[in-house]
$ cat work.cif   # mmCIF, C-alpha atoms
data_my_file
#
loop_
_atom_site.label_atom_id
_atom_site.label_comp_id
_atom_site.auth_asym_id
_atom_site.auth_seq_id
_atom_site.Cartn_x
_atom_site.Cartn_y
_atom_site.Cartn_z
CA MET A 633 8.25 24.02 -5.03
CA ASN A 634 7.92 25.88 -1.78
CA GLY A 635 11.25 24.36 -0.74
CA VAL A 636 9.96 20.77 -0.68
CA GLN A 637 11.50 18.34 -3.14
CA PRO A 638 9.63 15.35 -4.64
CA GLY A 639 9.60 12.48 -2.20
CA SER A 640 9.39 14.49 1.02
CA VAL A 641 9.16 12.43 4.18
CA LEU A 642 5.94 11.91 6.06
CA THR A 643 4.85 14.81 8.24
CA MET A 644 2.91 14.07 11.43
CA THR A 645 0.78 16.62 13.25
CA GLU A 646 -1.27 16.82 16.41
CA MET A 647 -4.15 18.84 14.92
CA PRO A 648 -7.76 17.78 15.62
CA ILE A 649 -8.84 14.73 13.64
CA ASP A 650 -11.86 16.27 11.91
CA PRO A 651 -11.90 15.60 8.16
CA ASP A 652 -14.17 18.58 7.42
CA ALA A 653 -11.93 20.92 9.39
CA ILE A 654 -8.81 19.54 7.70
CA ALA A 655 -10.37 19.91 4.24
CA ALA A 656 -11.28 23.51 5.05
CA ARG A 657 -7.63 24.30 5.78
CA LEU A 658 -6.45 23.12 2.36
CA PRO A 659 -5.88 25.80 -0.27
CA ALA A 660 -9.04 26.40 -2.27
CA GLY A 661 -7.55 27.74 -5.47
CA ARG A 662 -10.09 28.51 -8.17
CA MET A 663 -9.50 26.33 -11.20
CA PRO A 664 -10.51 27.36 -14.73
CA PRO A 665 -13.78 25.71 -15.82
CA VAL A 666 -12.03 23.49 -18.38
CA ASN A 667 -14.84 20.91 -18.37
CA SER A 668 -17.31 23.50 -19.62
CA TRP A 669 -15.11 24.51 -22.56
CA ASN A 670 -15.70 22.59 -25.79
CA PRO A 671 -13.50 24.01 -28.55
CA ASP A 672 -12.65 22.00 -31.65
CA PHE A 673 -9.51 19.87 -31.49
CA SER A 674 -6.59 22.02 -32.63
CA GLY A 675 -4.02 19.24 -33.03
CA ASP A 676 -1.14 17.88 -30.97
CA ILE A 677 1.77 19.94 -29.70
CA ASP A 678 5.25 18.78 -28.71
CA MET A 679 4.63 18.93 -24.98
CA ARG A 680 5.25 16.01 -22.63
CA ILE A 681 4.90 15.35 -18.91
CA ALA A 682 7.49 12.81 -17.76
CA ARG A 683 6.79 10.23 -15.07
CA ASP A 684 8.66 12.32 -12.51
CA GLY A 685 6.34 15.28 -13.16
CA THR A 686 8.75 17.31 -15.31
CA TRP A 687 7.08 19.20 -18.17
CA PHE A 688 8.92 19.37 -21.51
CA TYR A 689 8.29 21.54 -24.56
CA SER A 690 10.08 20.53 -27.77
CA GLY A 691 12.33 18.29 -25.67
CA THR A 692 13.39 21.07 -23.28
CA PRO A 693 12.30 21.10 -19.62
CA ILE A 694 9.97 23.93 -18.65
CA GLU A 695 11.81 25.38 -15.68
CA ARG A 696 9.41 28.15 -14.71
CA PRO A 697 7.11 26.81 -11.94
CA ARG A 698 4.54 29.51 -12.60
CA MET A 699 4.21 28.44 -16.23
CA VAL A 700 3.87 24.77 -15.26
CA LYS A 701 1.10 25.68 -12.80
CA LEU A 702 -0.64 27.68 -15.52
CA PHE A 703 -0.58 24.74 -17.92
CA SER A 704 -1.63 22.27 -15.22
CA GLY A 705 -4.70 24.38 -14.51
CA VAL A 706 -6.05 23.91 -18.04
CA LEU A 707 -5.21 20.21 -18.29
CA ARG A 708 -8.02 17.80 -19.08
CA ARG A 709 -8.27 14.08 -19.76
CA ASP A 710 -10.80 12.82 -22.30
CA ASN A 711 -11.08 9.12 -23.16
CA GLY A 712 -7.64 8.39 -21.79
CA LYS A 713 -5.90 11.21 -23.70
CA TYR A 714 -4.60 14.48 -22.27
CA PHE A 715 -5.27 17.98 -23.58
CA LEU A 716 -4.59 21.60 -22.73
CA VAL A 717 -7.97 23.29 -23.09
CA THR A 718 -8.93 26.94 -23.41
CA PRO A 719 -12.23 28.44 -24.60
CA VAL A 720 -10.87 28.45 -28.17
CA GLU A 721 -8.26 25.64 -28.36
CA LYS A 722 -7.87 21.98 -27.46
CA LEU A 723 -4.26 20.83 -27.81
CA GLY A 724 -3.15 17.24 -27.36
CA ILE A 725 -0.08 16.53 -25.21
CA THR A 726 1.79 13.39 -24.10
CA VAL A 727 1.75 12.17 -20.50
CA ASP A 728 4.10 9.30 -19.67
CA ASP A 729 2.16 8.17 -16.58
CA ALA A 730 0.08 10.49 -14.37
CA PRO A 731 0.16 14.26 -14.97
CA PHE A 732 1.06 15.07 -11.35
CA VAL A 733 3.31 13.65 -8.63
CA ALA A 734 2.35 13.58 -4.95
CA VAL A 735 5.53 14.86 -3.29
CA GLU A 736 4.39 15.29 0.30
CA MET A 737 2.00 13.56 2.68
CA THR A 738 0.64 14.74 6.01
CA CYS A 739 -0.93 12.31 8.48
CA TYR A 740 -3.44 13.33 11.13
CA GLY A 741 -4.31 10.76 13.80
CA SER A 742 -4.04 7.01 13.42
CA GLY A 743 -5.98 3.85 12.67
CA ARG A 744 -9.55 4.20 11.44
CA GLU A 745 -9.64 7.83 12.58
CA GLN A 746 -6.65 8.69 10.41
CA VAL A 747 -6.75 11.43 7.77
CA LEU A 748 -4.14 11.75 5.02
CA THR A 749 -3.52 14.77 2.83
CA PHE A 750 -1.22 14.98 -0.18
CA ARG A 751 0.50 17.90 -1.91
CA THR A 752 1.48 17.61 -5.57
CA ASN A 753 4.42 19.02 -7.48
CA VAL A 754 2.14 21.85 -8.70
CA ASP A 755 0.89 22.57 -5.17
CA ASP A 756 -2.55 21.02 -5.44
CA GLU A 757 -3.55 19.67 -2.03
CA VAL A 758 -6.14 16.94 -1.55
CA MET A 759 -7.45 14.88 1.32
CA ALA A 760 -7.67 11.15 0.63
CA GLY A 761 -11.20 9.97 1.28
CA PRO A 762 -14.55 9.53 -0.50
CA ASP A 763 -13.73 12.22 -3.06
CA HIS A 764 -10.03 11.45 -3.55
CA ALA A 765 -9.24 7.76 -3.73
CA ILE A 766 -5.87 6.07 -3.36
CA ARG A 767 -5.24 3.13 -5.67
CA VAL A 768 -2.33 0.91 -6.62
CA GLU A 769 -1.58 -0.73 -9.96
CA THR A 770 0.93 -3.58 -10.12
CA ASP A 771 3.05 -4.24 -13.17
CA PRO A 772 2.16 -7.81 -14.28
CA LEU A 773 5.73 -8.45 -15.45
CA THR A 774 7.86 -6.89 -12.72
CA GLY A 775 5.41 -6.88 -9.81
CA GLU A 776 6.34 -3.24 -9.13
CA PRO A 777 3.51 -1.20 -7.60
CA SER A 778 2.49 2.20 -8.92
CA PRO A 779 0.38 4.10 -6.35
CA TYR A 780 -1.90 7.01 -7.26
CA VAL A 781 -4.16 9.51 -5.54
CA HIS A 782 -7.04 11.21 -7.32
CA VAL A 783 -6.60 14.99 -7.65
CA ARG A 784 -9.55 16.34 -9.65
CA ASP A 785 -11.92 15.25 -12.39
CA SER A 786 -10.12 12.37 -14.17
CA LEU A 787 -6.62 13.52 -13.19
CA GLU A 788 -4.39 11.64 -10.75
CA ALA A 789 -1.00 12.06 -9.10
CA LEU A 790 1.58 9.32 -8.99
CA ILE A 791 2.68 9.00 -5.36
CA ALA A 792 6.45 9.54 -5.20
CA ARG A 793 8.40 6.46 -4.16
CA SER A 794 9.63 7.76 -0.80
CA VAL A 795 6.15 9.11 0.01
CA PHE A 796 4.78 5.65 -0.76
CA TYR A 797 7.32 4.18 1.66
CA ASP A 798 5.93 6.50 4.33
CA LEU A 799 2.41 5.47 3.37
CA ALA A 800 3.42 1.81 3.70
CA GLU A 801 4.41 2.48 7.32
CA LEU A 802 0.73 3.20 8.03
CA VAL A 803 -0.61 -0.03 6.49
CA GLN A 804 -2.88 -2.26 8.53
CA ASP A 805 -4.85 -5.37 7.65
CA GLU A 806 -8.62 -5.28 7.29
CA ALA A 807 -11.04 -8.13 6.72
CA CYS A 808 -12.68 -8.03 3.30
CA GLY A 809 -15.13 -10.36 1.61
CA ASP A 810 -12.32 -12.28 -0.09
CA GLY A 811 -9.95 -12.39 2.89
CA VAL A 812 -7.66 -9.93 4.61
CA ARG A 813 -6.25 -6.98 2.67
CA PRO A 814 -3.46 -4.56 3.63
CA GLY A 815 -4.30 -0.89 3.24
CA VAL A 816 -4.69 2.50 4.86
CA TRP A 817 -7.55 4.51 6.31
CA SER A 818 -8.27 8.14 5.52
CA ALA A 819 -11.37 10.23 6.26
CA GLY A 820 -13.43 7.15 7.04
CA ARG A 821 -12.50 5.24 3.88
CA PHE A 822 -10.25 2.16 3.66
CA PHE A 823 -7.96 1.97 0.63
CA PRO A 824 -6.46 -1.46 -0.16
CA LEU A 825 -2.80 -1.34 -1.15
CA GLY A 826 -2.28 -5.03 -1.83
CA ASP A 827 -3.96 -8.28 -2.75
CA ALA A 828 -6.24 -10.15 -0.41
CA VAL A 829 -4.80 -12.98 1.68
CA GLU A 830 -6.99 -15.88 2.79
CA PRO A 831 -7.83 -15.55 6.52
CA ASP A 832 -6.06 -18.80 7.45
CA LEU A 833 -2.86 -17.59 5.79
CA ALA A 834 -2.88 -13.97 6.93
CA GLY A 835 -1.27 -14.77 10.25
CA GLU A 836 1.45 -17.01 8.86
CA GLY A 837 5.02 -16.04 8.20
#
$ encode --input "work.cif" --output "structure tokens"
Amino acid sequence: MNGVQPGSVLTMTEMPIDPDAIAARLPAGRMPPVNSWNPDFSGDIDMRIARDGTWFYSGTPIERPRMVKLFSGVLRRDNGKYFLVTPVEKLGITVDDAPFVAVEMTCYGSGREQVLTFRTNVDDEVMAGPDHAIRVETDPLTGEPSPYVHVRDSLEALIARSVFYDLAELVQDEACGDGVRPGVWSAGRFFPLGDAVEPDLAGEG
């Protein structure tokens, strides 16, 4: 959307490195109060969000961005399951992975002063930091990492592969209680992106 395809390359800027000022510049769209709505469960519908962020209804992709944004605004996750919630209905849907995909990242500054913002495929924009964590899950069988950034409530965005490659370019090592861990800084918070390495091994190789 907005002419940017999933997996956009990292964007660097020279704007002041002030997390509060950066957060104030992000769109402040008013979301429906889905967490205050408590209708009875109305059953499941044949709607699915694929891992790449595509929404399907009855097996057919929903190609109208405005409709996808409308549905995404009433999405809620309860006990690990996803629902579309209105004041009178609660409809279960299927989500293959995360409901959103982070398709663009902007980096302000560097090192510990760095601030990272992400835009999703439905145009939510968040600043990684105390309120929006970055985390990585690793498949125990394949070792493939799946990185996520928190968007709102219990909803996350899967970070697109090429955006994750850009994020990896910003990785630095930080000492932790169990050794040295690779990760990134944003808005004063360090987010580990890999396992800890013992201090005596961190400098080898």
$ resolve_selection --input "work.cif" --expression "the PyMOL selection byres ((chain A and resi 669-674) around 12)" --output "ChimeraX atom specification"
/A:664-668,675-677,706-708,710,714-725
$ write_last_selection --input "work.cif" --atoms "C-alpha atoms" --output "mmCIF file, in the coordinates of the input"
data_model
loop_
_atom_site.group_PDB
_atom_site.id
_atom_site.type_symbol
_atom_site.label_atom_id
_atom_site.label_comp_id
_atom_site.auth_asym_id
_atom_site.auth_seq_id
_atom_site.Cartn_x
_atom_site.Cartn_y
_atom_site.Cartn_z
ATOM 1 C CA PRO A 664 -10.510 27.360 -14.730
ATOM 2 C CA PRO A 665 -13.780 25.710 -15.820
ATOM 3 C CA VAL A 666 -12.030 23.490 -18.380
ATOM 4 C CA ASN A 667 -14.840 20.910 -18.370
ATOM 5 C CA SER A 668 -17.310 23.500 -19.620
ATOM 6 C CA GLY A 675 -4.020 19.240 -33.030
ATOM 7 C CA ASP A 676 -1.140 17.880 -30.970
ATOM 8 C CA ILE A 677 1.770 19.940 -29.700
ATOM 9 C CA VAL A 706 -6.050 23.910 -18.040
ATOM 10 C CA LEU A 707 -5.210 20.210 -18.290
ATOM 11 C CA ARG A 708 -8.020 17.800 -19.080
ATOM 12 C CA ASP A 710 -10.800 12.820 -22.300
ATOM 13 C CA TYR A 714 -4.600 14.480 -22.270
ATOM 14 C CA PHE A 715 -5.270 17.980 -23.580
ATOM 15 C CA LEU A 716 -4.590 21.600 -22.730
ATOM 16 C CA VAL A 717 -7.970 23.290 -23.090
ATOM 17 C CA THR A 718 -8.930 26.940 -23.410
ATOM 18 C CA PRO A 719 -12.230 28.440 -24.600
ATOM 19 C CA VAL A 720 -10.870 28.450 -28.170
ATOM 20 C CA GLU A 721 -8.260 25.640 -28.360
ATOM 21 C CA LYS A 722 -7.870 21.980 -27.460
ATOM 22 C CA LEU A 723 -4.260 20.830 -27.810
ATOM 23 C CA GLY A 724 -3.150 17.240 -27.360
ATOM 24 C CA ILE A 725 -0.080 16.530 -25.210
#
$ atom_distance --input "work.cif" --atom1 "atom CA of Leu799 of chain A" --atom2 "atom CA of Asp684 of chain A"
18.4 Å
$ atom_distance --input "work.cif" --atom1 "atom CA of Ala682 of chain A" --atom2 "atom CA of Glu757 of chain A"
20.4 Å
$ residues_around --input "work.cif" --residues "Thr686 of chain A" --least-positions-apart "4" --cutoff "12 Å" --atoms "only C-alpha atoms" --output "JSON, numbers by chain"
{"A": [638, 679, 680, 681, 682, 691, 692, 693, 694, 695, 696, 697, 700, 701, 704, 726, 727, 728, 729, 730, 731, 732, 733, 753, 754]}
$ atom_distance --input "work.cif" --atom1 "atom CA of Ile791 of chain A" --atom2 "atom CA of Pro824 of chain A"
14.8 Å
$ closest_residue --input "work.cif" --among "A:Pro814, A:Gly743, A:Gly820, A:Gly809" --to "Ala765 of chain A" --atoms "all atoms listed in the file"
A:Gly820
$ residues_around --input "work.cif" --residues "Gly826 of chain A" --least-positions-apart "4" --cutoff "12 Å" --atoms "all atoms listed in the file" --output "ChimeraX atom specification"
/A:766-770,775-779,800,803-806,808,811-816
$ write_last_selection --input "work.cif" --atoms "C-alpha atoms" --output "tab-separated table (two decimals), in the coordinates of the input"
chain	number	residue	atom	x	y	z
A	766	ILE	CA	-5.87	6.07	-3.36
A	767	ARG	CA	-5.24	3.13	-5.67
A	768	VAL	CA	-2.33	0.91	-6.62
A	769	GLU	CA	-1.58	-0.73	-9.96
A	770	THR	CA	0.93	-3.58	-10.12
A	775	GLY	CA	5.41	-6.88	-9.81
A	776	GLU	CA	6.34	-3.24	-9.13
A	777	PRO	CA	3.51	-1.20	-7.60
A	778	SER	CA	2.49	2.20	-8.92
A	779	PRO	CA	0.38	4.10	-6.35
A	800	ALA	CA	3.42	1.81	3.70
A	803	VAL	CA	-0.61	-0.03	6.49
A	804	GLN	CA	-2.88	-2.26	8.53
A	805	ASP	CA	-4.85	-5.37	7.65
A	806	GLU	CA	-8.62	-5.28	7.29
A	808	CYS	CA	-12.68	-8.03	3.30
A	811	GLY	CA	-9.95	-12.39	2.89
A	812	VAL	CA	-7.66	-9.93	4.61
A	813	ARG	CA	-6.25	-6.98	2.67
A	814	PRO	CA	-3.46	-4.56	3.63
A	815	GLY	CA	-4.30	-0.89	3.24
A	816	VAL	CA	-4.69	2.50	4.86
$ closest_residue --input "work.cif" --among "A:Ser794, A:Asp827, A:Asp785, A:Asn711" --to "Ala807 of chain A" --atoms "all atoms listed in the file"
A:Asp827
$ axis_aligned_box --input "work.cif" --around "segment 736-739 of chain A" --padding-each-side "6 Å" --output "lines of an AutoDock Vina configuration file"
center_x = 1.7
center_y = 13.8
center_z = 4.4
size_x = 17.3
size_y = 15.0
size_z = 20.2
$ decode --input "work.cif" --residues "segment 652-784 of chain A" --atoms "C-alpha atoms" --output "PDB file, in the first residue's frame"
ATOM      1  CA  ASP A 652       8.954  11.192  21.957  1.00  0.00           C
ATOM      2  CA  ALA A 653       9.168  13.488  18.942  1.00  0.00           C
ATOM      3  CA  ILE A 654       9.396  10.535  16.565  1.00  0.00           C
ATOM      4  CA  ALA A 655       6.392   8.834  18.187  1.00  0.00           C
ATOM      5  CA  ALA A 656       4.401  12.062  17.855  1.00  0.00           C
ATOM      6  CA  ARG A 657       5.001  12.072  14.098  1.00  0.00           C
ATOM      7  CA  LEU A 658       3.525   8.600  13.615  1.00  0.00           C
ATOM      8  CA  PRO A 659      -0.082   8.425  12.440  1.00  0.00           C
ATOM      9  CA  ALA A 660      -2.457   8.335  15.389  1.00  0.00           C
ATOM     10  CA  GLY A 661      -5.415   6.616  13.805  1.00  0.00           C
ATOM     11  CA  ARG A 662      -8.303   5.991  16.180  1.00  0.00           C
ATOM     12  CA  MET A 663      -8.929   2.283  16.538  1.00  0.00           C
ATOM     13  CA  PRO A 664     -12.335   0.829  17.447  1.00  0.00           C
ATOM     14  CA  PRO A 665     -12.546  -0.114  21.149  1.00  0.00           C
ATOM     15  CA  VAL A 666     -12.621  -3.849  20.392  1.00  0.00           C
ATOM     16  CA  ASN A 667     -11.338  -4.793  23.857  1.00  0.00           C
ATOM     17  CA  SER A 668     -14.395  -3.218  25.477  1.00  0.00           C
ATOM     18  CA  TRP A 669     -16.833  -5.178  23.302  1.00  0.00           C
ATOM     19  CA  ASN A 670     -17.970  -8.521  24.717  1.00  0.00           C
ATOM     20  CA  PRO A 671     -20.554 -10.080  22.408  1.00  0.00           C
ATOM     21  CA  ASP A 672     -21.302 -13.801  22.484  1.00  0.00           C
ATOM     22  CA  PHE A 673     -19.239 -15.993  20.165  1.00  0.00           C
ATOM     23  CA  SER A 674     -21.025 -16.155  16.820  1.00  0.00           C
ATOM     24  CA  GLY A 675     -19.028 -19.015  15.289  1.00  0.00           C
ATOM     25  CA  ASP A 676     -16.148 -19.321  12.838  1.00  0.00           C
ATOM     26  CA  ILE A 677     -16.137 -17.877   9.333  1.00  0.00           C
ATOM     27  CA  ASP A 678     -14.068 -18.953   6.335  1.00  0.00           C
ATOM     28  CA  MET A 679     -11.578 -16.108   6.579  1.00  0.00           C
ATOM     29  CA  ARG A 680      -7.814 -16.619   6.738  1.00  0.00           C
ATOM     30  CA  ILE A 681      -4.749 -14.407   6.988  1.00  0.00           C
ATOM     31  CA  ALA A 682      -1.784 -16.045   5.245  1.00  0.00           C
ATOM     32  CA  ARG A 683       1.776 -15.733   6.516  1.00  0.00           C
ATOM     33  CA  ASP A 684       2.531 -13.092   3.881  1.00  0.00           C
ATOM     34  CA  GLY A 685      -0.311 -10.906   5.197  1.00  0.00           C
ATOM     35  CA  THR A 686      -2.834 -11.698   2.440  1.00  0.00           C
ATOM     36  CA  TRP A 687      -6.434 -11.931   3.649  1.00  0.00           C
ATOM     37  CA  PHE A 688      -8.665 -14.630   2.117  1.00  0.00           C
ATOM     38  CA  TYR A 689     -12.424 -15.096   2.264  1.00  0.00           C
ATOM     39  CA  SER A 690     -13.767 -18.478   1.142  1.00  0.00           C
ATOM     40  CA  GLY A 691     -10.380 -19.159  -0.441  1.00  0.00           C
ATOM     41  CA  THR A 692     -10.347 -15.964  -2.510  1.00  0.00           C
ATOM     42  CA  PRO A 693      -7.900 -13.117  -1.775  1.00  0.00           C
ATOM     43  CA  ILE A 694      -9.495  -9.902  -0.541  1.00  0.00           C
ATOM     44  CA  GLU A 695      -8.012  -7.401  -2.965  1.00  0.00           C
ATOM     45  CA  ARG A 696      -9.572  -4.202  -1.641  1.00  0.00           C
ATOM     46  CA  PRO A 697      -7.051  -2.562   0.737  1.00  0.00           C
ATOM     47  CA  ARG A 698      -9.769  -0.480   2.370  1.00  0.00           C
ATOM     48  CA  MET A 699     -11.725  -3.604   3.306  1.00  0.00           C
ATOM     49  CA  VAL A 700      -8.612  -5.303   4.706  1.00  0.00           C
ATOM     50  CA  LYS A 701      -7.904  -2.223   6.849  1.00  0.00           C
ATOM     51  CA  LEU A 702     -11.492  -2.267   8.076  1.00  0.00           C
ATOM     52  CA  PHE A 703     -11.242  -5.900   9.132  1.00  0.00           C
ATOM     53  CA  SER A 704      -7.809  -5.407  10.690  1.00  0.00           C
ATOM     54  CA  GLY A 705      -9.213  -2.647  12.875  1.00  0.00           C
ATOM     55  CA  VAL A 706     -11.669  -5.014  14.575  1.00  0.00           C
ATOM     56  CA  LEU A 707      -9.228  -7.895  14.970  1.00  0.00           C
ATOM     57  CA  ARG A 708      -8.641  -9.271  18.449  1.00  0.00           C
ATOM     58  CA  ARG A 709      -6.677 -12.160  19.902  1.00  0.00           C
ATOM     59  CA  ASP A 710      -8.079 -14.043  22.895  1.00  0.00           C
ATOM     60  CA  ASN A 711      -6.260 -17.034  24.397  1.00  0.00           C
ATOM     61  CA  GLY A 712      -4.208 -17.546  21.261  1.00  0.00           C
ATOM     62  CA  LYS A 713      -7.200 -17.450  18.878  1.00  0.00           C
ATOM     63  CA  TYR A 714      -8.152 -14.644  16.501  1.00  0.00           C
ATOM     64  CA  PHE A 715     -11.560 -13.011  16.137  1.00  0.00           C
ATOM     65  CA  LEU A 716     -13.262 -10.194  14.287  1.00  0.00           C
ATOM     66  CA  VAL A 717     -15.213  -8.362  16.977  1.00  0.00           C
ATOM     67  CA  THR A 718     -18.063  -5.870  16.763  1.00  0.00           C
ATOM     68  CA  PRO A 719     -20.464  -4.757  19.500  1.00  0.00           C
ATOM     69  CA  VAL A 720     -22.832  -7.585  18.488  1.00  0.00           C
ATOM     70  CA  GLU A 721     -20.654 -10.330  16.926  1.00  0.00           C
ATOM     71  CA  LYS A 722     -17.478 -12.269  17.635  1.00  0.00           C
ATOM     72  CA  LEU A 723     -16.364 -14.291  14.616  1.00  0.00           C
ATOM     73  CA  GLY A 724     -13.442 -16.704  14.658  1.00  0.00           C
ATOM     74  CA  ILE A 725     -10.905 -16.555  11.813  1.00  0.00           C
ATOM     75  CA  THR A 726      -7.694 -18.420  10.950  1.00  0.00           C
ATOM     76  CA  VAL A 727      -4.272 -16.752  11.094  1.00  0.00           C
ATOM     77  CA  ASP A 728      -1.356 -18.761   9.710  1.00  0.00           C
ATOM     78  CA  ASP A 729       1.306 -16.853  11.660  1.00  0.00           C
ATOM     79  CA  ALA A 730       1.002 -13.199  12.718  1.00  0.00           C
ATOM     80  CA  PRO A 731      -1.949 -11.102  11.501  1.00  0.00           C
ATOM     81  CA  PHE A 732       0.266  -8.321  10.120  1.00  0.00           C
ATOM     82  CA  VAL A 733       3.553  -8.038   8.224  1.00  0.00           C
ATOM     83  CA  ALA A 734       6.106  -5.282   8.864  1.00  0.00           C
ATOM     84  CA  VAL A 735       6.963  -4.172   5.328  1.00  0.00           C
ATOM     85  CA  GLU A 736       9.078  -1.094   5.990  1.00  0.00           C
ATOM     86  CA  MET A 737      11.564   0.048   8.610  1.00  0.00           C
ATOM     87  CA  THR A 738      12.948   3.510   9.271  1.00  0.00           C
ATOM     88  CA  CYS A 739      16.110   4.012  11.324  1.00  0.00           C
ATOM     89  CA  TYR A 740      16.926   7.225  13.168  1.00  0.00           C
ATOM     90  CA  GLY A 741      20.444   7.583  14.602  1.00  0.00           C
ATOM     91  CA  SER A 742      22.730   4.728  15.559  1.00  0.00           C
ATOM     92  CA  GLY A 743      23.993   2.639  18.449  1.00  0.00           C
ATOM     93  CA  ARG A 744      22.277   3.035  21.808  1.00  0.00           C
ATOM     94  CA  GLU A 745      20.649   6.274  20.655  1.00  0.00           C
ATOM     95  CA  GLN A 746      18.997   4.515  17.729  1.00  0.00           C
ATOM     96  CA  VAL A 747      15.237   4.571  17.166  1.00  0.00           C
ATOM     97  CA  LEU A 748      13.464   2.157  14.804  1.00  0.00           C
ATOM     98  CA  THR A 749       9.955   2.510  13.439  1.00  0.00           C
ATOM     99  CA  PHE A 750       8.017  -0.072  11.429  1.00  0.00           C
ATOM    100  CA  ARG A 751       5.088   0.217   9.021  1.00  0.00           C
ATOM    101  CA  THR A 752       2.805  -2.766   8.468  1.00  0.00           C
ATOM    102  CA  ASN A 753       0.962  -3.952   5.388  1.00  0.00           C
ATOM    103  CA  VAL A 754      -2.193  -2.262   6.750  1.00  0.00           C
ATOM    104  CA  ASP A 755      -0.333   0.997   7.429  1.00  0.00           C
ATOM    105  CA  ASP A 756      -0.060   0.737  11.198  1.00  0.00           C
ATOM    106  CA  GLU A 757       3.151   2.459  12.306  1.00  0.00           C
ATOM    107  CA  VAL A 758       4.902   1.680  15.571  1.00  0.00           C
ATOM    108  CA  MET A 759       8.145   2.645  17.243  1.00  0.00           C
ATOM    109  CA  ALA A 760      10.114  -0.269  18.676  1.00  0.00           C
ATOM    110  CA  GLY A 761      10.797   0.372  22.343  1.00  0.00           C
ATOM    111  CA  PRO A 762       9.257  -0.213  25.781  1.00  0.00           C
ATOM    112  CA  ASP A 763       5.733  -0.395  24.354  1.00  0.00           C
ATOM    113  CA  HIS A 764       6.509  -2.279  21.139  1.00  0.00           C
ATOM    114  CA  ALA A 765       8.983  -5.103  21.572  1.00  0.00           C
ATOM    115  CA  ILE A 766      10.938  -6.922  18.885  1.00  0.00           C
ATOM    116  CA  ARG A 767      11.352 -10.657  19.398  1.00  0.00           C
ATOM    117  CA  VAL A 768      12.639 -13.617  17.417  1.00  0.00           C
ATOM    118  CA  GLU A 769      11.456 -17.218  17.486  1.00  0.00           C
ATOM    119  CA  THR A 770      13.670 -19.935  16.027  1.00  0.00           C
ATOM    120  CA  ASP A 771      12.253 -23.070  14.464  1.00  0.00           C
ATOM    121  CA  PRO A 772      13.707 -25.974  16.517  1.00  0.00           C
ATOM    122  CA  LEU A 773      13.882 -28.212  13.438  1.00  0.00           C
ATOM    123  CA  THR A 774      15.160 -25.885  10.714  1.00  0.00           C
ATOM    124  CA  GLY A 775      16.852 -23.191  12.804  1.00  0.00           C
ATOM    125  CA  GLU A 776      15.044 -20.545  10.717  1.00  0.00           C
ATOM    126  CA  PRO A 777      14.318 -17.334  12.640  1.00  0.00           C
ATOM    127  CA  SER A 778      10.902 -15.677  12.631  1.00  0.00           C
ATOM    128  CA  PRO A 779      11.138 -12.043  13.826  1.00  0.00           C
ATOM    129  CA  TYR A 780       8.151 -10.088  15.140  1.00  0.00           C
ATOM    130  CA  VAL A 781       7.339  -6.598  16.355  1.00  0.00           C
ATOM    131  CA  HIS A 782       4.438  -5.867  18.682  1.00  0.00           C
ATOM    132  CA  VAL A 783       1.735  -3.691  17.098  1.00  0.00           C
ATOM    133  CA  ARG A 784      -1.107  -3.334  19.613  1.00  0.00           C
TER     134      ARG A 784
END
